[in-house]
Amino acid sequence: MVGAAGSSSSFRMLLLLLLPLLAATAAAAGANSSVTYDHRSLIISGRRRLLISTSIHYPRSVPEMWPKLVAEAKDGGADCIETYVFWNGHEPAPGQYYFEDRYDLVRFARIVKDAGLYMILRIGPFVAGEWTFGGLPAWLHYVPGTVFRTNNEPFKSHMKRFTTHIVHMMKKEQFFASQGGHIILAQVENEYGSMEPTYGAGAKPYVMWAASMALAQNTGVPWIMCEQYDAPDPVINTCNSFYCDQFKPNSPTKPKIWTENWPGWFQTFGESNPHRPPEDVAFAVARFFGKGGTVQNYYMYHGGTNFGRTAGGPFITTSYDYDAPIDEYGLRRLPKWAHLKDLHKSIKLCENTLLYGNSSFLSLGPQQEADVYTDHSGGCVAFLSNLDSEMDKVVTFQNRSYDLPSWSVSILPDCKNVVFNTAKVRSQTMMMDMMPANLQVSKRNGWSIFREKIGIWDKSDFVRNGFVDHINSTKDTTDYLWYTTSFDVDGSHLVGGNHVLHIDSKGHAVQAFLNNEFIGNAYGNGSKSNFTVEMAINLRPGKNELSLLSMTIGSQYAGPFYEWVGAGITSVKISGMGNGIVNLSSNNWAYKIGLEGEHYNLFKPDQGKNVRWKPQSEPPKNQPLTWYKVNVDVPQGDDPVGLDMQSMGKGLAWLNGNAIGRYWLRTSPVSDGCTSSCNYRGTFSPNKCRTGCGQPTQRWYHVPQSWFRPSGNTLVIFEEKGGDPTNITFSRRTVASVCSFVSEHYPSIDLESWDKSTPNDSRDSAKVQLTCPKGKNISSVKFASFGNPSGTCRSYQQGSCHHPNSLSVVEKACLKLNGCTVSLSDKGFGEDLCPGITKTLAIEADCS
């Protein structure tokens with residue numbers, strides 16, 4: 001009996017030790033998980049959880065990419081995948097649903113579940129997200145009496161119906177955590193709080209209705225509202241921003257959740273490219289968790305691509321790369337991905353004490369502070385912050401000194417040892433290049449072209465006196481709308497005149513043709529869609545025909561009453577006539593929706609033998625409104641593929657009927673705030689760290705590898721302005737070089753096996769780790785300096801202290817290897833040539 005009792009006691013003790021682990025495993029695997037919350041965090045299966053979430057939008061990649069994207073997020077430390085649900089992709093016409101290919105939501109959700117990750121489902125169904133029409137279907141705007149996002153019965157009826165449809169789909173698959181699944185949060189509406197004053201009396205009732213409608217879905221998991229200061233209980237209001245450490249929920253019973261931490265920013269045609277340094281992203285995340293945060297989501301973790309016409313705007317690029325930890329092509333962006341992975345590991349070391357301990361705040365200086373958490377078992381966690389954006393500081397905490405770089409946070413899981421500092425990036429940098437692969441044109445088929453007819457290419461769709469709105473006419477089914485009119489000119493009015501055509505437009509672009517001759521084009525921009533343009537013209541006596549091709553470049557995606565923002569021509573006048581200014585605005589105008597090539601589906605693979613295609617041994621160059629078709633071979637290699645459109649102007653592209661998207665080689669201003677190096681210190685804004693001034697905003701366009709066939713690939717281009725299609729090429733996105741910059745004061749700790757009991761002075765020396773992609777080795781060392789080098793990758797420079805053995809030590813350790821490690825304590829560096837100087841090792845190496 002004694003033995004039996006002892007055995008039973010040991011079993012109970014073992015069970016108690018294993019319970020937290022079993023609960024976590026069951027939750028991730030989807031075994032009867034309940035999700036509630038208190039003031040501190042979400043509670044999953046009875047356990048408080050600190051969660052790292054990552055946004056991946058399923059339609060912005062392809063199903064063949066989803067497993068790897070989810071796996072990369074998990075390897076980067078993610079607990080959770082977050083996605084919007086895109087109503088206009090799922091219900092292109094009332095009652096007609098589409099859940100296939102890139103819109104296969106169930107397939108995507110199952111991949112997340114099978115990876116053992118949680119999911120946050122942002123149903124909305126308004127999403128914004130730089131997505132066309134904010135994710136709402138264009139047809140909804142034309143349902144009589146409908147006004148979006150207010151206390152409007154037609155809108156609420158359709159919103160409820162779609163939300164219910166999505167919830168029922170998820171319930172059928174048993175995806176909600178209450179069913180044993182992995183969806184732990186759902187979202188209704190999005191970023192409406194700042195809109196409420198504009199919507200007046202209808203706003204508050206709408207918010208209350210949306211919350212009530214969502215709760216009535218009985219998902220068994222909490223609902224959230226982003227940026228909704230008056231979200232009613234029990235709906236949780238959350239924060240979207242570059243920084244959310246100071247955010248407080250609207251109730252002391254709700255946890256602190258950050259639904260959108262922007263690790264970069266989106267791009268707009270005609271502007272330079274924004275970047276957010278990894279040091280600042282990590283700083284923001286560490287501050288958030290140090291100040292009591294519980295769920296943090298990167299928007300985006302993989303941005304992907306706005307395929308087809310899904311880019312909102314106007315003027316949002318096809319690329320939605322977002323400077324995210326996983327780039328548009330599905331590759332890790334280093335050092336950002338790895339630096340954040342180390343951050344996540346460091347925070348997870350603190351999880352139990354953070355969630356179950358008591359917090360206190362200490363001032364360590366004018367802009368230096370400590371957030372400290374202690375629990376009943378003796379656990380102690382500290383986040384030491386230096387908010388000074390210029391000066392490094394040495395602070396004293398619990399009788400120890402700590403070096404804090406400016407604008408940084410150090411994480412101490414035991415209140416003694418620093419395992420991570422947000423400003424000290426230990427990861428290597430990968431320098432990516434787009435390596436050209438010639439467009440291998442099929443010798444048997446060659447090129448074919450189709451020229452669009454100028455103006456009304458068939459019977460006009462309608463005729464009006466004056467102008468109609470472009471978007472109301474096309475209902476966002478196409479970018480293109482023809483406006484055509486004719487007018488008579490008395491020959492006597494032409495003598496000695498300088499005739500000028502004046503066009504005013506609400507946006508977004510126009511091409512003008514007089515008597516079937518191209519006379520010019522004009523465009524708005526991302527900050528001002530409307531424009532006025534003047535074009536010199538040559539009139540002829542008698543009848544003249546004017547054809548204007550109005551073009552949209554992404555529909556409005558956000559803002560108060562955004563569905564009413566129009567586009568198209570508003571005024572047309574001719575000056576320089578003998579009888580003064582002629583106003584054509586009230587003329588009789590004929591309208592044609594779309595292009596002839598669109599009408600005949602020339603972009604589809606089954607149209608390859610359409611008689612409208614005219615074979616050409618050499619395609620014409622610099623011809624506006626021209627369709628090009630060519631059969632191409634698959635680019636060799638396994639690297640992701642981009643279509644290099646540098647030789648073209650503006651238009652649309654397809655491969656095997658798959659819509660690559662809008663391309664536009666619009667150049668950003670030379671003086672657009674670009675910098676060769678980016679200072680991560682201080683508050684970030686999208687204009688702070690930009691590159692690519694004077695260059696096309698987007699030159700390469702992602703073509704998923706799964707879109708290629710083994711042979712017989714058909715590339716179709718519609719060119720609006722004119723370009724040289726023979727110089728279009730495919731490019732492979734590949735790692736060209738790797739580099740790293742590490743100081744002896746950087747933490748160099750194995751976060752996987754970190755032990756609080758290990759004394760600080762026994763930590764390993766800081767080290768540089770370099771790794772080339774699979775199948776490549778380090779072929780040459782272009783730079784190596786142990787001492788005090790400066791600069792960044794591809795621009796490193798030796799400092800006043802440089803060890804002469806630097807290159808030989810690195811070459812010995814790294815050449816011809818896939819990866820290598822060089823410690824700052826390597827014996828090859830010998831004696832200290834510069835006593836008193838903090839030693840740094842900088843390396844740049846080629847991969848081939």
# chains A, B, ... in the order shown; residues from 1 in each chain; ligands from 1

$ residues_around --residues "stretch 166-169 of chain A" --least-positions-apart "5" --cutoff "9 Å" --atoms "only C-alpha atoms" --output "count of residues only"
8

$ select_by_dssp --residues "stretch 633-771 of chain A" --states "strand (DSSP E or B)" --output "NGL selection string"
:A and (641-644 or 650-655 or 658-664 or 667 or 674 or 690-691 or 696 or 700-703 or 713-719 or 729-743 or 767-771)

$ residues_around --residues "A:Asn273" --least-positions-apart "5" --cutoff "10 Å" --atoms "only C-alpha atoms" --output "PDB file with all heavy atoms, in the first residue's frame"
ATOM      1  N   GLY A 264       6.040  47.521 -42.481  1.00  0.00           N
ATOM      2  CA  GLY A 264       6.420  48.265 -43.673  1.00  0.00           C
ATOM      3  C   GLY A 264       5.237  49.119 -44.080  1.00  0.00           C
ATOM      4  O   GLY A 264       4.457  49.567 -43.248  1.00  0.00           O
ATOM      5  N   TRP A 265       5.101  49.318 -45.391  1.00  0.00           N
ATOM      6  CA  TRP A 265       3.980  50.112 -45.887  1.00  0.00           C
ATOM      7  C   TRP A 265       3.720  49.717 -47.335  1.00  0.00           C
ATOM      8  O   TRP A 265       4.567  49.123 -47.992  1.00  0.00           O
ATOM      9  CB  TRP A 265       4.285  51.602 -45.773  1.00  0.00           C
ATOM     10  CG  TRP A 265       3.076  52.495 -45.773  1.00  0.00           C
ATOM     11  CD1 TRP A 265       2.781  53.476 -46.667  1.00  0.00           C
ATOM     12  CD2 TRP A 265       2.013  52.521 -44.794  1.00  0.00           C
ATOM     13  NE1 TRP A 265       1.605  54.108 -46.328  1.00  0.00           N
ATOM     14  CE2 TRP A 265       1.109  53.537 -45.180  1.00  0.00           C
ATOM     15  CE3 TRP A 265       1.740  51.766 -43.658  1.00  0.00           C
ATOM     16  CZ2 TRP A 265      -0.053  53.816 -44.458  1.00  0.00           C
ATOM     17  CZ3 TRP A 265       0.586  52.047 -42.935  1.00  0.00           C
ATOM     18  CH2 TRP A 265      -0.299  53.062 -43.334  1.00  0.00           C
ATOM     19  N   PHE A 266       2.536  50.041 -47.826  1.00  0.00           N
ATOM     20  CA  PHE A 266       2.199  49.697 -49.208  1.00  0.00           C
ATOM     21  C   PHE A 266       2.803  50.708 -50.181  1.00  0.00           C
ATOM     22  O   PHE A 266       3.236  51.790 -49.789  1.00  0.00           O
ATOM     23  CB  PHE A 266       0.680  49.598 -49.383  1.00  0.00           C
ATOM     24  CG  PHE A 266      -0.063  50.865 -49.022  1.00  0.00           C
ATOM     25  CD1 PHE A 266      -0.272  51.864 -49.969  1.00  0.00           C
ATOM     26  CD2 PHE A 266      -0.572  51.048 -47.748  1.00  0.00           C
ATOM     27  CE1 PHE A 266      -0.954  53.028 -49.641  1.00  0.00           C
ATOM     28  CE2 PHE A 266      -1.260  52.206 -47.410  1.00  0.00           C
ATOM     29  CZ  PHE A 266      -1.454  53.196 -48.356  1.00  0.00           C
ATOM     30  N   GLN A 267       2.787  50.349 -51.454  1.00  0.00           N
ATOM     31  CA  GLN A 267       3.389  51.188 -52.488  1.00  0.00           C
ATOM     32  C   GLN A 267       2.315  51.809 -53.381  1.00  0.00           C
ATOM     33  O   GLN A 267       1.245  51.227 -53.595  1.00  0.00           O
ATOM     34  CB  GLN A 267       4.331  50.368 -53.366  1.00  0.00           C
ATOM     35  CG  GLN A 267       5.549  49.838 -52.646  1.00  0.00           C
ATOM     36  CD  GLN A 267       6.386  48.970 -53.564  1.00  0.00           C
ATOM     37  OE1 GLN A 267       6.149  47.776 -53.661  1.00  0.00           O
ATOM     38  NE2 GLN A 267       7.345  49.561 -54.239  1.00  0.00           N
ATOM     39  N   THR A 268       2.632  52.978 -53.910  1.00  0.00           N
ATOM     40  CA  THR A 268       1.752  53.684 -54.829  1.00  0.00           C
ATOM     41  C   THR A 268       2.519  53.995 -56.102  1.00  0.00           C
ATOM     42  O   THR A 268       3.652  54.483 -56.041  1.00  0.00           O
ATOM     43  CB  THR A 268       1.253  55.000 -54.189  1.00  0.00           C
ATOM     44  OG1 THR A 268       0.576  54.690 -52.968  1.00  0.00           O
ATOM     45  CG2 THR A 268       0.288  55.720 -55.113  1.00  0.00           C
ATOM     46  N   TYR A 322       4.987  45.057 -48.987  1.00  0.00           N
ATOM     47  CA  TYR A 322       4.835  45.626 -47.649  1.00  0.00           C
ATOM     48  C   TYR A 322       6.116  45.604 -46.810  1.00  0.00           C
ATOM     49  O   TYR A 322       6.069  45.812 -45.604  1.00  0.00           O
ATOM     50  CB  TYR A 322       3.722  44.894 -46.885  1.00  0.00           C
ATOM     51  CG  TYR A 322       2.784  45.835 -46.146  1.00  0.00           C
ATOM     52  CD1 TYR A 322       1.654  46.350 -46.772  1.00  0.00           C
ATOM     53  CD2 TYR A 322       3.034  46.233 -44.837  1.00  0.00           C
ATOM     54  CE1 TYR A 322       0.796  47.215 -46.113  1.00  0.00           C
ATOM     55  CE2 TYR A 322       2.186  47.106 -44.174  1.00  0.00           C
ATOM     56  CZ  TYR A 322       1.065  47.589 -44.811  1.00  0.00           C
ATOM     57  OH  TYR A 322       0.220  48.446 -44.159  1.00  0.00           O
ATOM     58  N   ASP A 323       7.262  45.336 -47.464  1.00  0.00           N
ATOM     59  CA  ASP A 323       8.523  45.213 -46.721  1.00  0.00           C
ATOM     60  C   ASP A 323       8.365  44.217 -45.572  1.00  0.00           C
ATOM     61  O   ASP A 323       8.914  44.373 -44.482  1.00  0.00           O
ATOM     62  CB  ASP A 323       8.983  46.577 -46.181  1.00  0.00           C
ATOM     63  CG  ASP A 323      10.471  46.589 -45.825  1.00  0.00           C
ATOM     64  OD1 ASP A 323      11.242  45.921 -46.531  1.00  0.00           O
ATOM     65  OD2 ASP A 323      10.847  47.265 -44.849  1.00  0.00           O
ATOM     66  N   SER A 668       9.225  57.472 -59.975  1.00  0.00           N
ATOM     67  CA  SER A 668       9.052  58.354 -58.818  1.00  0.00           C
ATOM     68  C   SER A 668       9.946  59.581 -58.970  1.00  0.00           C
ATOM     69  O   SER A 668      10.950  59.547 -59.686  1.00  0.00           O
ATOM     70  CB  SER A 668       9.409  57.612 -57.537  1.00  0.00           C
ATOM     71  OG  SER A 668      10.792  57.305 -57.505  1.00  0.00           O
ATOM     72  N   ASP A 672      12.365  62.448 -53.669  1.00  0.00           N
ATOM     73  CA  ASP A 672      11.184  61.895 -53.007  1.00  0.00           C
ATOM     74  C   ASP A 672      11.538  61.344 -51.626  1.00  0.00           C
ATOM     75  O   ASP A 672      10.905  60.416 -51.132  1.00  0.00           O
ATOM     76  CB  ASP A 672      10.564  60.789 -53.873  1.00  0.00           C
ATOM     77  CG  ASP A 672       9.107  60.512 -53.528  1.00  0.00           C
ATOM     78  OD1 ASP A 672       8.436  61.431 -53.015  1.00  0.00           O
ATOM     79  OD2 ASP A 672       8.638  59.392 -53.772  1.00  0.00           O
ATOM     80  N   GLY A 673      12.562  61.925 -51.014  1.00  0.00           N
ATOM     81  CA  GLY A 673      12.899  61.555 -49.644  1.00  0.00           C
ATOM     82  C   GLY A 673      13.715  60.295 -49.504  1.00  0.00           C
ATOM     83  O   GLY A 673      13.744  59.690 -48.423  1.00  0.00           O
ATOM     84  N   CYS A 674      14.398  59.856 -50.565  1.00  0.00           N
ATOM     85  CA  CYS A 674      15.180  58.620 -50.474  1.00  0.00           C
ATOM     86  C   CYS A 674      16.475  58.848 -49.701  1.00  0.00           C
ATOM     87  O   CYS A 674      17.003  59.962 -49.660  1.00  0.00           O
ATOM     88  CB  CYS A 674      15.497  58.084 -51.871  1.00  0.00           C
ATOM     89  SG  CYS A 674      14.037  57.469 -52.739  1.00  0.00           S
ATOM     90  N   PRO A 686       5.794  56.386 -42.845  1.00  0.00           N
ATOM     91  CA  PRO A 686       6.052  55.804 -44.167  1.00  0.00           C
ATOM     92  C   PRO A 686       7.017  56.598 -45.032  1.00  0.00           C
ATOM     93  O   PRO A 686       7.593  56.066 -45.975  1.00  0.00           O
ATOM     94  CB  PRO A 686       4.660  55.729 -44.792  1.00  0.00           C
ATOM     95  CG  PRO A 686       3.728  55.625 -43.633  1.00  0.00           C
ATOM     96  CD  PRO A 686       4.342  56.484 -42.565  1.00  0.00           C
ATOM     97  N   ASN A 687       7.200  57.865 -44.747  1.00  0.00           N
ATOM     98  CA  ASN A 687       8.096  58.689 -45.568  1.00  0.00           C
ATOM     99  C   ASN A 687       9.524  58.718 -45.032  1.00  0.00           C
ATOM    100  O   ASN A 687      10.386  59.401 -45.587  1.00  0.00           O
ATOM    101  CB  ASN A 687       7.560  60.125 -45.656  1.00  0.00           C
ATOM    102  CG  ASN A 687       6.281  60.209 -46.452  1.00  0.00           C
ATOM    103  OD1 ASN A 687       6.107  59.479 -47.427  1.00  0.00           O
ATOM    104  ND2 ASN A 687       5.374  61.074 -46.035  1.00  0.00           N
ATOM    105  N   CYS A 689      12.012  56.177 -44.512  1.00  0.00           N
ATOM    106  CA  CYS A 689      13.088  55.363 -45.082  1.00  0.00           C
ATOM    107  C   CYS A 689      12.671  54.879 -46.466  1.00  0.00           C
ATOM    108  O   CYS A 689      12.058  53.812 -46.589  1.00  0.00           O
ATOM    109  CB  CYS A 689      13.398  54.168 -44.176  1.00  0.00           C
ATOM    110  SG  CYS A 689      14.000  54.625 -42.539  1.00  0.00           S
ATOM    111  N   ARG A 690      13.014  55.636 -47.469  1.00  0.00           N
ATOM    112  CA  ARG A 690      12.558  55.314 -48.827  1.00  0.00           C
ATOM    113  C   ARG A 690      13.745  55.068 -49.761  1.00  0.00           C
ATOM    114  O   ARG A 690      14.824  55.626 -49.579  1.00  0.00           O
ATOM    115  CB  ARG A 690      11.674  56.432 -49.388  1.00  0.00           C
ATOM    116  CG  ARG A 690      10.294  56.464 -48.717  1.00  0.00           C
ATOM    117  CD  ARG A 690       9.356  57.478 -49.323  1.00  0.00           C
ATOM    118  NE  ARG A 690       7.996  57.244 -48.860  1.00  0.00           N
ATOM    119  CZ  ARG A 690       7.080  56.556 -49.524  1.00  0.00           C
ATOM    120  NH1 ARG A 690       7.379  56.033 -50.716  1.00  0.00           N
ATOM    121  NH2 ARG A 690       5.865  56.386 -49.035  1.00  0.00           N
ATOM    122  N   THR A 691      13.487  54.239 -50.747  1.00  0.00           N
ATOM    123  CA  THR A 691      14.495  53.945 -51.768  1.00  0.00           C
ATOM    124  C   THR A 691      13.841  54.043 -53.144  1.00  0.00           C
ATOM    125  O   THR A 691      12.620  54.088 -53.270  1.00  0.00           O
ATOM    126  CB  THR A 691      15.077  52.533 -51.594  1.00  0.00           C
ATOM    127  OG1 THR A 691      14.022  51.564 -51.732  1.00  0.00           O
ATOM    128  CG2 THR A 691      15.731  52.367 -50.234  1.00  0.00           C
ATOM    129  N   GLY A 692      14.684  54.041 -54.184  1.00  0.00           N
ATOM    130  CA  GLY A 692      14.172  53.979 -55.550  1.00  0.00           C
ATOM    131  C   GLY A 692      13.774  55.301 -56.152  1.00  0.00           C
ATOM    132  O   GLY A 692      13.013  55.318 -57.141  1.00  0.00           O
ATOM    133  N   CYS A 693      14.251  56.426 -55.618  1.00  0.00           N
ATOM    134  CA  CYS A 693      13.908  57.722 -56.209  1.00  0.00           C
ATOM    135  C   CYS A 693      14.437  57.800 -57.638  1.00  0.00           C
ATOM    136  O   CYS A 693      15.577  57.404 -57.923  1.00  0.00           O
ATOM    137  CB  CYS A 693      14.496  58.853 -55.378  1.00  0.00           C
ATOM    138  SG  CYS A 693      13.693  59.067 -53.774  1.00  0.00           S
ATOM    139  N   GLN A 695      13.379  56.072 -60.056  1.00  0.00           N
ATOM    140  CA  GLN A 695      13.251  54.760 -60.679  1.00  0.00           C
ATOM    141  C   GLN A 695      11.765  54.397 -60.789  1.00  0.00           C
ATOM    142  O   GLN A 695      10.925  54.952 -60.087  1.00  0.00           O
ATOM    143  CB  GLN A 695      13.968  53.706 -59.838  1.00  0.00           C
ATOM    144  CG  GLN A 695      15.456  53.962 -59.651  1.00  0.00           C
ATOM    145  CD  GLN A 695      16.216  53.875 -60.961  1.00  0.00           C
ATOM    146  OE1 GLN A 695      15.950  53.018 -61.787  1.00  0.00           O
ATOM    147  NE2 GLN A 695      17.169  54.793 -61.136  1.00  0.00           N
ATOM    148  N   PRO A 696      11.422  53.440 -61.663  1.00  0.00           N
ATOM    149  CA  PRO A 696      10.032  52.981 -61.703  1.00  0.00           C
ATOM    150  C   PRO A 696       9.628  52.431 -60.341  1.00  0.00           C
ATOM    151  O   PRO A 696      10.387  51.706 -59.704  1.00  0.00           O
ATOM    152  CB  PRO A 696      10.050  51.870 -62.762  1.00  0.00           C
ATOM    153  CG  PRO A 696      11.237  52.174 -63.622  1.00  0.00           C
ATOM    154  CD  PRO A 696      12.252  52.787 -62.703  1.00  0.00           C
ATOM    155  N   THR A 697       8.432  52.779 -59.897  1.00  0.00           N
ATOM    156  CA  THR A 697       7.943  52.272 -58.616  1.00  0.00           C
ATOM    157  C   THR A 697       7.962  50.747 -58.604  1.00  0.00           C
ATOM    158  O   THR A 697       8.371  50.125 -57.626  1.00  0.00           O
ATOM    159  CB  THR A 697       6.507  52.771 -58.353  1.00  0.00           C
ATOM    160  OG1 THR A 697       6.509  54.194 -58.354  1.00  0.00           O
ATOM    161  CG2 THR A 697       5.985  52.254 -57.028  1.00  0.00           C
ATOM    162  N   GLN A 698       7.507  50.142 -59.701  1.00  0.00           N
ATOM    163  CA  GLN A 698       7.509  48.683 -59.794  1.00  0.00           C
ATOM    164  C   GLN A 698       7.936  48.259 -61.188  1.00  0.00           C
ATOM    165  O   GLN A 698       7.269  48.587 -62.170  1.00  0.00           O
ATOM    166  CB  GLN A 698       6.124  48.096 -59.469  1.00  0.00           C
ATOM    167  CG  GLN A 698       6.144  46.575 -59.411  1.00  0.00           C
ATOM    168  CD  GLN A 698       4.819  45.965 -59.014  1.00  0.00           C
ATOM    169  OE1 GLN A 698       3.885  46.665 -58.636  1.00  0.00           O
ATOM    170  NE2 GLN A 698       4.724  44.644 -59.109  1.00  0.00           N
TER     171      GLN A 698
END

$ residues_around --residues "A:Tyr591" --least-positions-apart "2" --cutoff "7 Å" --atoms "only C-alpha atoms" --output "NGL selection string"
:A and (460-463 or 482-484 or 589 or 593)

$ write_last_selection --atoms "all heavy atoms" --output "short mmCIF file (atom, residue, chain, number, x, y, z; two decimals), in the first residue's frame"
data_model
loop_
_atom_site.label_atom_id
_atom_site.label_comp_id
_atom_site.auth_asym_id
_atom_site.auth_seq_id
_atom_site.Cartn_x
_atom_site.Cartn_y
_atom_site.Cartn_z
N SER A 460 -22.45 51.53 -79.65
CA SER A 460 -22.26 52.21 -78.37
C SER A 460 -23.18 51.58 -77.33
O SER A 460 -24.27 51.09 -77.65
CB SER A 460 -22.56 53.71 -78.50
OG SER A 460 -23.90 53.91 -78.91
N ASP A 461 -22.74 51.59 -76.09
CA ASP A 461 -23.57 51.05 -75.01
C ASP A 461 -24.69 52.01 -74.62
O ASP A 461 -25.78 51.59 -74.25
CB ASP A 461 -22.70 50.73 -73.79
CG ASP A 461 -21.81 49.52 -74.02
OD1 ASP A 461 -22.30 48.53 -74.58
OD2 ASP A 461 -20.62 49.58 -73.66
N PHE A 462 -24.41 53.30 -74.74
CA PHE A 462 -25.44 54.31 -74.50
C PHE A 462 -24.92 55.65 -74.99
O PHE A 462 -23.71 55.83 -75.24
CB PHE A 462 -25.85 54.38 -73.02
CG PHE A 462 -24.70 54.58 -72.07
CD1 PHE A 462 -24.30 55.87 -71.69
CD2 PHE A 462 -24.03 53.49 -71.52
CE1 PHE A 462 -23.26 56.06 -70.81
CE2 PHE A 462 -22.98 53.67 -70.64
CZ PHE A 462 -22.59 54.96 -70.28
N VAL A 463 -25.81 56.60 -75.13
CA VAL A 463 -25.48 57.96 -75.57
C VAL A 463 -26.12 58.93 -74.60
O VAL A 463 -27.27 58.74 -74.18
CB VAL A 463 -25.99 58.22 -77.01
CG1 VAL A 463 -25.67 59.65 -77.43
CG2 VAL A 463 -25.38 57.23 -77.99
N TRP A 482 -14.81 54.30 -72.93
CA TRP A 482 -14.65 55.24 -74.04
C TRP A 482 -15.71 56.33 -73.97
O TRP A 482 -16.90 56.04 -73.80
CB TRP A 482 -14.77 54.53 -75.39
CG TRP A 482 -13.55 53.76 -75.81
CD1 TRP A 482 -13.38 52.42 -75.80
CD2 TRP A 482 -12.36 54.32 -76.37
NE1 TRP A 482 -12.15 52.07 -76.28
CE2 TRP A 482 -11.49 53.23 -76.65
CE3 TRP A 482 -11.92 55.61 -76.64
CZ2 TRP A 482 -10.23 53.41 -77.20
CZ3 TRP A 482 -10.65 55.79 -77.19
CH2 TRP A 482 -9.82 54.70 -77.46
N TYR A 483 -15.27 57.60 -74.14
CA TYR A 483 -16.16 58.75 -74.32
C TYR A 483 -15.86 59.28 -75.74
O TYR A 483 -14.72 59.65 -76.03
CB TYR A 483 -15.83 59.88 -73.36
CG TYR A 483 -15.98 59.65 -71.87
CD1 TYR A 483 -15.30 58.64 -71.20
CD2 TYR A 483 -16.79 60.50 -71.12
CE1 TYR A 483 -15.43 58.47 -69.83
CE2 TYR A 483 -16.92 60.34 -69.75
CZ TYR A 483 -16.23 59.33 -69.10
OH TYR A 483 -16.35 59.17 -67.75
N THR A 484 -16.84 59.36 -76.62
CA THR A 484 -16.57 59.84 -77.98
C THR A 484 -17.63 60.85 -78.41
O THR A 484 -18.81 60.72 -78.04
CB THR A 484 -16.54 58.68 -78.99
OG1 THR A 484 -17.85 58.12 -79.09
CG2 THR A 484 -15.57 57.59 -78.57
N TRP A 589 -22.50 62.63 -76.33
CA TRP A 589 -21.36 61.73 -76.19
C TRP A 589 -21.84 60.28 -76.25
O TRP A 589 -22.82 59.90 -75.59
CB TRP A 589 -20.65 61.95 -74.85
CG TRP A 589 -19.89 63.25 -74.78
CD1 TRP A 589 -20.38 64.48 -74.47
CD2 TRP A 589 -18.49 63.44 -75.03
NE1 TRP A 589 -19.40 65.43 -74.51
CE2 TRP A 589 -18.22 64.82 -74.85
CE3 TRP A 589 -17.45 62.60 -75.39
CZ2 TRP A 589 -16.96 65.36 -75.01
CZ3 TRP A 589 -16.18 63.14 -75.55
CH2 TRP A 589 -15.94 64.51 -75.37
N ILE A 593 -18.27 50.61 -72.92
CA ILE A 593 -17.64 50.05 -71.71
C ILE A 593 -16.62 49.00 -72.11
O ILE A 593 -16.93 48.05 -72.83
CB ILE A 593 -18.70 49.45 -70.79
CG1 ILE A 593 -19.67 50.54 -70.31
CG2 ILE A 593 -18.05 48.75 -69.59
CD1 ILE A 593 -20.88 50.01 -69.57
#

$ select_by_dssp --residues "stretch 400-537 of chain A" --states "alpha helix (DSSP H)" --output "list in words"
His470, Ile471, Asn472, Ser473 and Thr474 of chain A

$ atom_distance --atom1 "atom CA of A:Tyr701" --atom2 "atom CA of A:Leu643"
4.9 Å

$ residues_around --residues "A:Ile537" --least-positions-apart "2" --cutoff "9 Å" --atoms "only C-alpha atoms" --output "VMD selection string"
chain A and resid 498 to 501 514 519 535 539

$ residues_around --residues "A:Tyr206" --least-positions-apart "6" --cutoff "8 Å" --atoms "only C-alpha atoms" --output "MDAnalysis selection string"
chainID A and resid 149:152

$ residues_around --residues "A:Glu227" --least-positions-apart "3" --cutoff "10 Å" --atoms "only C-alpha atoms" --output "list in words"
Glu189, Asn190, Glu191, Tyr192, Gly193, Ser194, Ile224, Asp230, Ala231, Ile236, Asn237, Thr238, Cys239, Asn240, Ser241, Pro249, Trp258, Thr259 and Glu260 of chain A

$ closest_residue --among "A:Pro125, A:Pro635, A:Pro144, A:Gly312" --to "A:Pro710" --atoms "only C-alpha atoms"
A:Pro635

$ atom_distance --atom1 "atom CA of A:Gly576" --atom2 "atom CA of A:Ser529"
27.7 Å

$ atom_distance --atom1 "atom CA of A:Pro277" --atom2 "atom CA of A:Tyr680"
5.7 Å

$ closest_residue --among "A:Pro413, A:Gly642, A:Gly365, A:Pro255" --to "A:Asn438" --atoms "only C-alpha atoms"
A:Gly642
